[in-house]
Amino acid sequence: LTKRFIALTTDFGWGSSYVAQLKGVIASLAPNAGIIDVAHDLPSFSLRHAEVLLRSTAFAFPVGTVHVVVVDPGVGTARRPLAVKAAGMHFVGPDNGILGGPLAQTGAQCVVLDKPELFMANVSHTFHGRDIFAPVACELAQGMPLQEVGSPINDPLPSTLPAATRADGAVRGETLCADRYGNLTTNIPARWCAPDAALLVDGRLLRRVRTYGEAQPGDSVSLTGSDGFMEVAVREGSAWERFGQRAGHAVQVAVQ
Amino acid sequence: LTKRFIALTTDFGWGSSYVAQLKGVIASLAPNAGIIDVAHDLPSFSLRHAEVLLRSTAFAFPVGTVHVVVVDPGVGTARRPLAVKAAGMHFVGPDNGILGGPLAQTGAQCVVLDKPELFMANVSHTFHGRDIFAPVACELAQGMPLQEVGSPINDPLPSTLPAATRADGAVRGETLCADRYGNLTTNIPARWCAPDAALLVDGRLLRRVRTYGEAQPGDSVSLTGSDGFMEVAVREGSAWERFGQRAGHAVQVAVQ
Amino acid sequence: LTKRFIALTTDFGWGSSYVAQLKGVIASLAPNAGIIDVAHDLPSFSLRHAEVLLRSTAFAFPVGTVHVVVVDPGVGTARRPLAVKAAGMHFVGPDNGILGGPLAQTGAQCVVLDKPELFMANVSHTFHGRDIFAPVACELAQGMPLQEVGSPINDPLPSTLPAATRADGAVRGETLCADRYGNLTTNIPARWCAPDAALLVDGRLLRRVRTYGEAQPGDSVSLTGSDGFMEVAVREGSAWERFGQRAGHAVQVAVQ
């Protein structure tokens, strides 16, 4: 049997009791699955950061992986718990837009988790990660098909990320957030841009480079990020600092 | 053979050489055990945080799990190294109170680790996690019974957490520490309280809710935490900030 | 078959998309290898911290372990990607000195990774960790010999750490960096010093102790670190703070 992985993406905090309990449930119910920490330090309740992280990481995992994605400000309210199948993987998490990326994949299927017999015996009002999402993820990792963990729905909430646009040859988008090095990622797919096209960020032209090494120290440049989206960087510096410690800058692809 | 897990709870720091060496020893001596990071960012030398974390996480793991718990300001002194068996799991760590929770379980057994042949060849004076606790944990995970890793003792140090009290219908306790969201946990078991009982925190009455969603943004409320203890929260805010960035508040259950 | 481990040491940031993608590739190509997080929070681009961490952790892992070590300011430039075999383990990473420790082991062998058929299909210019080092690590973990992943070279860059010196009975070195507790590690091997020899740090004599417990609270002392190098500590305090929040202090072994 192929080894299955359960990948965890949350805002619970590294070292929190919440992450440990999630792992405890998975170790109990799917002891042979590989548990992978993707991230636990997403900004609290930030759907956007969760989506951007998922965009670049989810499909690097092998087919059959189950992603547990929990940024869940609405836990305990009427928001629905979901499971999604996309690109041969499963995703479980709340219906608040964070699964919008997988849902936009061709052929994606979605169910609402409405089978309490698959949940922990006493579902708490504050911790569906442990009580609903983890046990359902274990079933999926052990081969239960999507249609058996819930009932199909057609109206899950879509991504909350702004979409880039292409019209009349003009490509427009925006910066989304920064990584640890201060590089600002955008919503503009690199495949929409000529290989040597530069970016205009808030109207300022940033030279296009292929690698950080092609820039001069301190230079602001544009390049293709390793996740296939355009990115803004400062060599040996931080684009996040350079551009006002915020995201949401207007980004345009310069026409040549 | 059932897969066994070794769960690590320390104040060594994520990414420290101490955690890596612990894992290196376990990978060497028990390669088929699953290594689980519970936490490595406990406040340095804080026995209290270790106990609160263990209280909510330890028993979420499967029977047979070995917990390595190392917050050890007395390493190298005469404090004893212990192993405890409780609720079908094992715990190894120093005799300073951090194993007080497992020790208080019905039927708990305790031994002092006094068999140097089970330790690493050269026990350092500063790192018993690597040299004593990890190799003994590997033996326990691979089936060695508790009585073979040490000699029984009756006087391990008890928990350092303050106990809540129940007398004449009055339940009194205190706040213990905050989680990442700023929620303050207490030492009052939810089962001691009526399902709709509110808390008085430093004399201030906090409305009882079932979920964070039932509170208004900014409201201070009391609710049952996901670990079965009463908790104080501020919706879309931080109880830690609201209540003076400290723990140790007097908490009473309001009589109706 | 013995279980193999792939240990990850990077400056990508815990929870970054970079670490997750690395793990995704490894889960895809070597699903049965054990993935171990050594560290992901090394100071950005600090070769020194990577080397010090590797010095104390690498050889705690079992023979057969593959270490992926990526602190790579020169990614995308002409710097070479390497694999090293030393002490029965493999190391993959950039040719910038961070593999200098393994390279200095007796019998170490080194190859440049020049077989694109072992890399990911489209090697990015900014993320060789995912596209070159991880897939090669998977081959090594699954038994491919060193000489099949690249071509031998004799001129890899050596360690960037300053070396301690021994001349005319005088041992001289320096402090390298601090751990989480504020203890300052040095480049002086403990085996070069008499068991009771004290250290002079910037000319100031620090009493030698065997354990932290032998010092008075607040005392600055010298002792053997758990990694076999001399170390400077302040009991219940921080040597890092005490000695000016920096490393690079001149350290001498006091002659008796």
# chains A, B, ... in the order shown; residues from 1 in each chain; ligands from 1
call {"tool": "residues_around", "arguments": {"residues": "segment 90-97 of chain C", "least_positions_apart": "3", "cutoff": "8 Å", "atoms": "only C-alpha atoms", "output": "VMD selection string"}}
result
chain C and resid 47 64 to 72 79 to 86 100 102 129 133 136 to 137 140 156 to 160
call {"tool": "interface_residues", "arguments": {"of": "chain A", "to": "chain B", "cutoff": "10 Å", "atoms": "only C-alpha atoms", "output": "NGL selection string"}}
result
:A and (11-29 or 31-32 or 34-35 or 37 or 41 or 44-45 or 73-78 or 123-128 or 130-131)
call {"tool": "atom_distance", "arguments": {"atom1": "atom CA of Trp192 of chain A", "atom2": "atom CA of Ala247 of chain A"}}
result
21.0 Å
call {"tool": "residues_around", "arguments": {"residues": "Gly248 of chain B", "least_positions_apart": "4", "cutoff": "6 Å", "atoms": "only C-alpha atoms", "output": "ChimeraX atom specification"}}
result
/B:174-176
call {"tool": "write_last_selection", "arguments": {"atoms": "N, CA, C and O atoms", "output": "short mmCIF file (atom, residue, chain, number, x, y, z; two decimals), in the first residue's frame"}}
result
data_model
loop_
_atom_site.label_atom_id
_atom_site.label_comp_id
_atom_site.auth_asym_id
_atom_site.auth_seq_id
_atom_site.Cartn_x
_atom_site.Cartn_y
_atom_site.Cartn_z
N GLU B 174 -8.12 29.90 39.44
CA GLU B 174 -7.42 31.07 38.92
C GLU B 174 -7.05 30.86 37.45
O GLU B 174 -7.10 29.74 36.94
N THR B 175 -6.70 31.95 36.78
CA THR B 175 -6.22 31.82 35.41
C THR B 175 -4.77 31.34 35.44
O THR B 175 -4.00 31.73 36.32
N LEU B 176 -4.42 30.48 34.45
CA LEU B 176 -3.09 29.84 34.47
C LEU B 176 -2.13 30.42 33.43
O LEU B 176 -0.98 30.70 33.73
#
call {"tool": "residues_around", "arguments": {"residues": "Gly150 of chain B", "least_positions_apart": "5", "cutoff": "8 Å", "atoms": "only C-alpha atoms", "output": "VMD selection string"}}
result
chain B and resid 83 111 to 115
call {"tool": "write_last_selection", "arguments": {"atoms": "C-alpha atoms", "output": "PDB file, in the first residue's frame"}}
result
ATOM      1  CA  ALA B  83       9.579   7.507  34.058  1.00  0.00           C
ATOM      2  CA  VAL B 111      10.319   4.723  38.642  1.00  0.00           C
ATOM      3  CA  VAL B 112      13.606   6.566  39.041  1.00  0.00           C
ATOM      4  CA  LEU B 113      15.906   5.982  36.056  1.00  0.00           C
ATOM      5  CA  ASP B 114      18.899   4.331  37.681  1.00  0.00           C
ATOM      6  CA  LYS B 115      20.149   1.912  35.020  1.00  0.00           C
TER       7      LYS B 115
END
call {"tool": "atom_distance", "arguments": {"atom1": "atom CA of Arg48 of chain B", "atom2": "atom CA of Val232 of chain C"}}
result
27.6 Å
call {"tool": "atom_distance", "arguments": {"atom1": "atom CA of Ala30 of chain B", "atom2": "atom CA of Ala50 of chain B"}}
result
24.7 Å
call {"tool": "residues_around", "arguments": {"residues": "Met230 of chain A", "least_positions_apart": "4", "cutoff": "9 Å", "atoms": "only C-alpha atoms", "output": "list in words"}}
result
Leu184, Thr185, Thr186, Asn187, Ile188, Pro189, Ala190, Cys193, Leu199, Ser222, Leu223, Thr224, Gly225 and Ser226 of chain A
call {"tool": "select_by_dssp", "arguments": {"residues": "segment 6-215 of chain A", "states": "helix (DSSP H, G or I)", "output": "PDB file with C-alpha atoms, in the first residue's frame"}}
result
ATOM      1  CA  SER A  17      -2.043  22.484  22.398  1.00  0.00           C
ATOM      2  CA  TYR A  18      -4.293  22.692  19.330  1.00  0.00           C
ATOM      3  CA  VAL A  19      -1.672  21.370  16.913  1.00  0.00           C
ATOM      4  CA  ALA A  20      -0.628  18.661  19.354  1.00  0.00           C
ATOM      5  CA  GLN A  21      -4.198  17.463  19.796  1.00  0.00           C
ATOM      6  CA  LEU A  22      -4.666  17.364  16.010  1.00  0.00           C
ATOM      7  CA  LYS A  23      -1.583  15.181  15.749  1.00  0.00           C
ATOM      8  CA  GLY A  24      -2.733  13.024  18.643  1.00  0.00           C
ATOM      9  CA  VAL A  25      -6.021  12.300  16.879  1.00  0.00           C
ATOM     10  CA  ILE A  26      -4.240  11.495  13.607  1.00  0.00           C
ATOM     11  CA  ALA A  27      -1.687   9.254  15.354  1.00  0.00           C
ATOM     12  CA  SER A  28      -4.636   7.441  16.965  1.00  0.00           C
ATOM     13  CA  LEU A  29      -6.846   7.030  13.902  1.00  0.00           C
ATOM     14  CA  LEU A  47      -7.750  33.590   5.097  1.00  0.00           C
ATOM     15  CA  ARG A  48      -5.512  35.337   2.589  1.00  0.00           C
ATOM     16  CA  HIS A  49      -2.237  33.990   3.940  1.00  0.00           C
ATOM     17  CA  ALA A  50      -3.699  30.497   4.091  1.00  0.00           C
ATOM     18  CA  GLU A  51      -4.750  30.667   0.461  1.00  0.00           C
ATOM     19  CA  VAL A  52      -1.430  32.037  -0.760  1.00  0.00           C
ATOM     20  CA  LEU A  53       0.473  29.343   1.122  1.00  0.00           C
ATOM     21  CA  LEU A  54      -1.810  26.604  -0.190  1.00  0.00           C
ATOM     22  CA  ARG A  55      -1.459  27.952  -3.735  1.00  0.00           C
ATOM     23  CA  SER A  56       2.277  27.353  -3.715  1.00  0.00           C
ATOM     24  CA  THR A  57       2.536  24.216  -1.608  1.00  0.00           C
ATOM     25  CA  ALA A  58      -0.499  21.939  -1.928  1.00  0.00           C
ATOM     26  CA  PHE A  59       0.296  20.413  -5.291  1.00  0.00           C
ATOM     27  CA  ALA A  60       3.957  19.778  -4.449  1.00  0.00           C
ATOM     28  CA  GLY A 100     -11.100  28.368  -2.992  1.00  0.00           C
ATOM     29  CA  GLY A 101      -7.874  27.429  -4.753  1.00  0.00           C
ATOM     30  CA  PRO A 102      -8.513  23.669  -4.851  1.00  0.00           C
ATOM     31  CA  LEU A 103     -12.195  24.351  -5.659  1.00  0.00           C
ATOM     32  CA  PRO A 116     -21.440  12.773  12.721  1.00  0.00           C
ATOM     33  CA  GLU A 117     -20.561   9.074  12.982  1.00  0.00           C
ATOM     34  CA  LEU A 118     -17.206  10.015  11.396  1.00  0.00           C
ATOM     35  CA  HIS A 128     -13.563  21.435  14.828  1.00  0.00           C
ATOM     36  CA  GLY A 129      -9.968  20.868  13.704  1.00  0.00           C
ATOM     37  CA  ARG A 130      -9.616  18.103  16.257  1.00  0.00           C
ATOM     38  CA  ASP A 131     -13.212  16.915  16.375  1.00  0.00           C
ATOM     39  CA  ILE A 132     -14.332  16.998  12.718  1.00  0.00           C
ATOM     40  CA  PHE A 133     -11.530  17.770  10.251  1.00  0.00           C
ATOM     41  CA  ALA A 134      -8.831  15.460  11.670  1.00  0.00           C
ATOM     42  CA  PRO A 135     -10.979  12.295  11.933  1.00  0.00           C
ATOM     43  CA  VAL A 136     -12.457  12.858   8.456  1.00  0.00           C
ATOM     44  CA  ALA A 137      -8.941  13.412   7.066  1.00  0.00           C
ATOM     45  CA  CYS A 138      -7.917  10.072   8.573  1.00  0.00           C
ATOM     46  CA  GLU A 139     -10.792   8.313   6.806  1.00  0.00           C
ATOM     47  CA  LEU A 140      -9.846   9.913   3.480  1.00  0.00           C
ATOM     48  CA  ALA A 141      -6.175   9.022   3.980  1.00  0.00           C
ATOM     49  CA  LEU A 146     -15.133  11.620  -0.937  1.00  0.00           C
ATOM     50  CA  GLN A 147     -18.805  10.835  -1.456  1.00  0.00           C
ATOM     51  CA  GLU A 148     -18.854   8.721   1.693  1.00  0.00           C
ATOM     52  CA  VAL A 149     -17.620  11.446   4.037  1.00  0.00           C
ATOM     53  CA  ALA A 190       4.179  34.227 -14.684  1.00  0.00           C
ATOM     54  CA  ARG A 191       2.790  32.449 -17.754  1.00  0.00           C
ATOM     55  CA  TRP A 192       0.771  35.615 -18.526  1.00  0.00           C
ATOM     56  CA  TYR A 212      18.357  37.422  -7.165  1.00  0.00           C
ATOM     57  CA  GLY A 213      22.037  37.293  -8.093  1.00  0.00           C
ATOM     58  CA  GLU A 214      21.447  39.376 -11.250  1.00  0.00           C
TER      59      GLU A 214
END
call {"tool": "decode", "arguments": {"residues": "segment 114-248 of chain B", "atoms": "C-alpha atoms", "output": "tab-separated table (two decimals), in the first residue's frame"}}
result
chain	number	residue	atom	x	y	z
B	114	ASP	CA	18.90	4.33	37.68
B	115	LYS	CA	20.15	1.91	35.02
B	116	PRO	CA	23.12	3.61	33.32
B	117	GLU	CA	23.36	0.73	30.86
B	118	LEU	CA	20.24	2.18	29.21
B	119	PHE	CA	21.76	5.66	28.87
B	120	MET	CA	24.08	7.03	26.21
B	121	ALA	CA	27.69	5.96	26.80
B	122	ASN	CA	28.89	9.32	28.12
B	123	VAL	CA	26.18	11.16	30.01
B	124	SER	CA	26.81	14.90	29.84
B	125	HIS	CA	26.16	17.13	32.82
B	126	THR	CA	23.97	19.53	30.89
B	127	PHE	CA	21.83	17.51	28.49
B	128	HIS	CA	19.95	14.61	30.06
B	129	GLY	CA	17.26	14.96	27.37
B	130	ARG	CA	19.65	13.46	24.85
B	131	ASP	CA	21.68	11.24	27.15
B	132	ILE	CA	19.07	9.76	29.52
B	133	PHE	CA	15.48	10.59	28.59
B	134	ALA	CA	15.65	9.92	24.83
B	135	PRO	CA	17.34	6.49	25.02
B	136	VAL	CA	15.00	5.36	27.83
B	137	ALA	CA	12.01	6.59	25.81
B	138	CYS	CA	13.23	4.46	22.90
B	139	GLU	CA	13.34	1.37	25.11
B	140	LEU	CA	9.80	2.03	26.38
B	141	ALA	CA	8.54	2.64	22.83
B	142	GLN	CA	10.02	-0.67	21.80
B	143	GLY	CA	8.24	-2.59	24.52
B	144	MET	CA	10.51	-2.63	27.59
B	145	PRO	CA	8.23	-2.56	30.65
B	146	LEU	CA	8.39	0.33	33.12
B	147	GLN	CA	9.85	-1.77	35.94
B	148	GLU	CA	12.86	-2.63	33.77
B	149	VAL	CA	13.91	0.95	33.08
B	150	GLY	CA	14.23	1.93	36.76
B	151	SER	CA	13.36	1.33	40.41
B	152	PRO	CA	9.95	2.15	41.91
B	153	ILE	CA	9.60	5.30	44.04
B	154	ASN	CA	6.66	6.70	46.00
B	155	ASP	CA	7.73	10.29	46.45
B	156	PRO	CA	8.00	12.01	43.04
B	157	LEU	CA	7.37	15.74	43.26
B	158	PRO	CA	3.71	16.64	42.63
B	159	SER	CA	2.28	19.20	40.20
B	160	THR	CA	3.24	22.83	40.80
B	161	LEU	CA	-0.11	24.06	39.44
B	162	PRO	CA	-2.50	25.63	41.96
B	163	ALA	CA	-5.59	23.46	42.51
B	164	ALA	CA	-9.13	24.78	42.15
B	165	THR	CA	-11.38	24.26	45.19
B	166	ARG	CA	-15.02	23.29	45.74
B	167	ALA	CA	-16.59	24.00	49.13
B	168	ASP	CA	-20.15	24.86	50.21
B	169	GLY	CA	-21.18	25.09	46.56
B	170	ALA	CA	-18.49	27.69	45.81
B	171	VAL	CA	-15.95	26.90	43.06
B	172	ARG	CA	-12.75	28.94	43.17
B	173	GLY	CA	-9.70	28.83	40.95
B	174	GLU	CA	-7.42	31.07	38.92
B	175	THR	CA	-6.22	31.82	35.41
B	176	LEU	CA	-3.09	29.84	34.47
B	177	CYS	CA	-1.77	31.16	31.17
B	178	ALA	CA	-2.77	32.35	27.70
B	179	ASP	CA	-2.77	30.63	24.31
B	180	ARG	CA	-1.84	32.20	20.97
B	181	TYR	CA	-5.24	33.87	20.58
B	182	GLY	CA	-4.94	35.45	24.04
B	183	ASN	CA	-7.55	33.12	25.61
B	184	LEU	CA	-6.83	32.60	29.33
B	185	THR	CA	-7.18	29.06	30.56
B	186	THR	CA	-8.03	28.28	34.20
B	187	ASN	CA	-7.69	25.38	36.62
B	188	ILE	CA	-11.49	24.92	36.94
B	189	PRO	CA	-12.78	21.72	35.31
B	190	ALA	CA	-15.86	22.42	33.20
B	191	ARG	CA	-17.58	19.40	34.75
B	192	TRP	CA	-17.65	21.25	38.08
B	193	CYS	CA	-19.81	24.00	36.56
B	194	ALA	CA	-23.45	24.10	35.41
B	195	PRO	CA	-23.57	24.31	31.59
B	196	ASP	CA	-24.74	27.90	31.70
B	197	ALA	CA	-22.71	29.09	34.69
B	198	ALA	CA	-20.74	32.30	34.12
B	199	LEU	CA	-17.35	33.15	35.61
B	200	LEU	CA	-16.37	36.01	37.88
B	201	VAL	CA	-12.82	37.07	37.05
B	202	ASP	CA	-11.35	39.40	39.67
B	203	GLY	CA	-14.98	40.03	40.68
B	204	ARG	CA	-16.12	40.94	37.15
B	205	LEU	CA	-18.99	38.85	35.74
B	206	LEU	CA	-18.32	37.44	32.26
B	207	ARG	CA	-21.29	36.18	30.25
B	208	ARG	CA	-21.20	32.45	29.51
B	209	VAL	CA	-21.27	31.45	25.83
B	210	ARG	CA	-20.98	28.11	24.05
B	211	THR	CA	-18.89	29.40	21.12
B	212	TYR	CA	-16.78	32.45	20.33
B	213	GLY	CA	-19.40	33.28	17.68
B	214	GLU	CA	-22.08	33.90	20.32
B	215	ALA	CA	-20.10	36.82	21.75
B	216	GLN	CA	-20.12	40.35	20.33
B	217	PRO	CA	-16.77	41.52	18.95
B	218	GLY	CA	-14.82	42.95	21.88
B	219	ASP	CA	-16.91	41.19	24.56
B	220	SER	CA	-15.19	39.36	27.42
B	221	VAL	CA	-16.87	36.01	27.92
B	222	SER	CA	-16.45	32.70	29.74
B	223	LEU	CA	-16.74	29.33	28.04
B	224	THR	CA	-15.68	25.69	28.18
B	225	GLY	CA	-12.23	25.36	26.61
B	226	SER	CA	-11.54	22.53	24.18
B	227	ASP	CA	-9.43	20.83	26.89
B	228	GLY	CA	-12.35	20.56	29.33
B	229	PHE	CA	-11.35	23.46	31.56
B	230	MET	CA	-13.10	26.83	31.89
B	231	GLU	CA	-11.59	29.59	29.82
B	232	VAL	CA	-11.82	33.37	29.43
B	233	ALA	CA	-11.90	34.90	25.93
B	234	VAL	CA	-12.45	38.20	24.14
B	235	ARG	CA	-14.15	37.85	20.74
B	236	GLU	CA	-11.82	39.15	18.00
B	237	GLY	CA	-9.56	40.38	20.78
B	238	SER	CA	-7.25	39.08	23.49
B	239	ALA	CA	-8.24	38.26	27.07
B	240	TRP	CA	-4.52	38.33	27.87
B	241	GLU	CA	-4.40	42.01	26.86
B	242	ARG	CA	-7.78	42.87	28.36
B	243	PHE	CA	-6.86	41.43	31.76
B	244	GLY	CA	-3.50	43.11	32.21
B	245	GLN	CA	-1.13	40.80	30.33
B	246	ARG	CA	-0.81	38.44	33.25
B	247	ALA	CA	-2.30	35.23	34.65
B	248	GLY	CA	-3.18	34.39	38.25
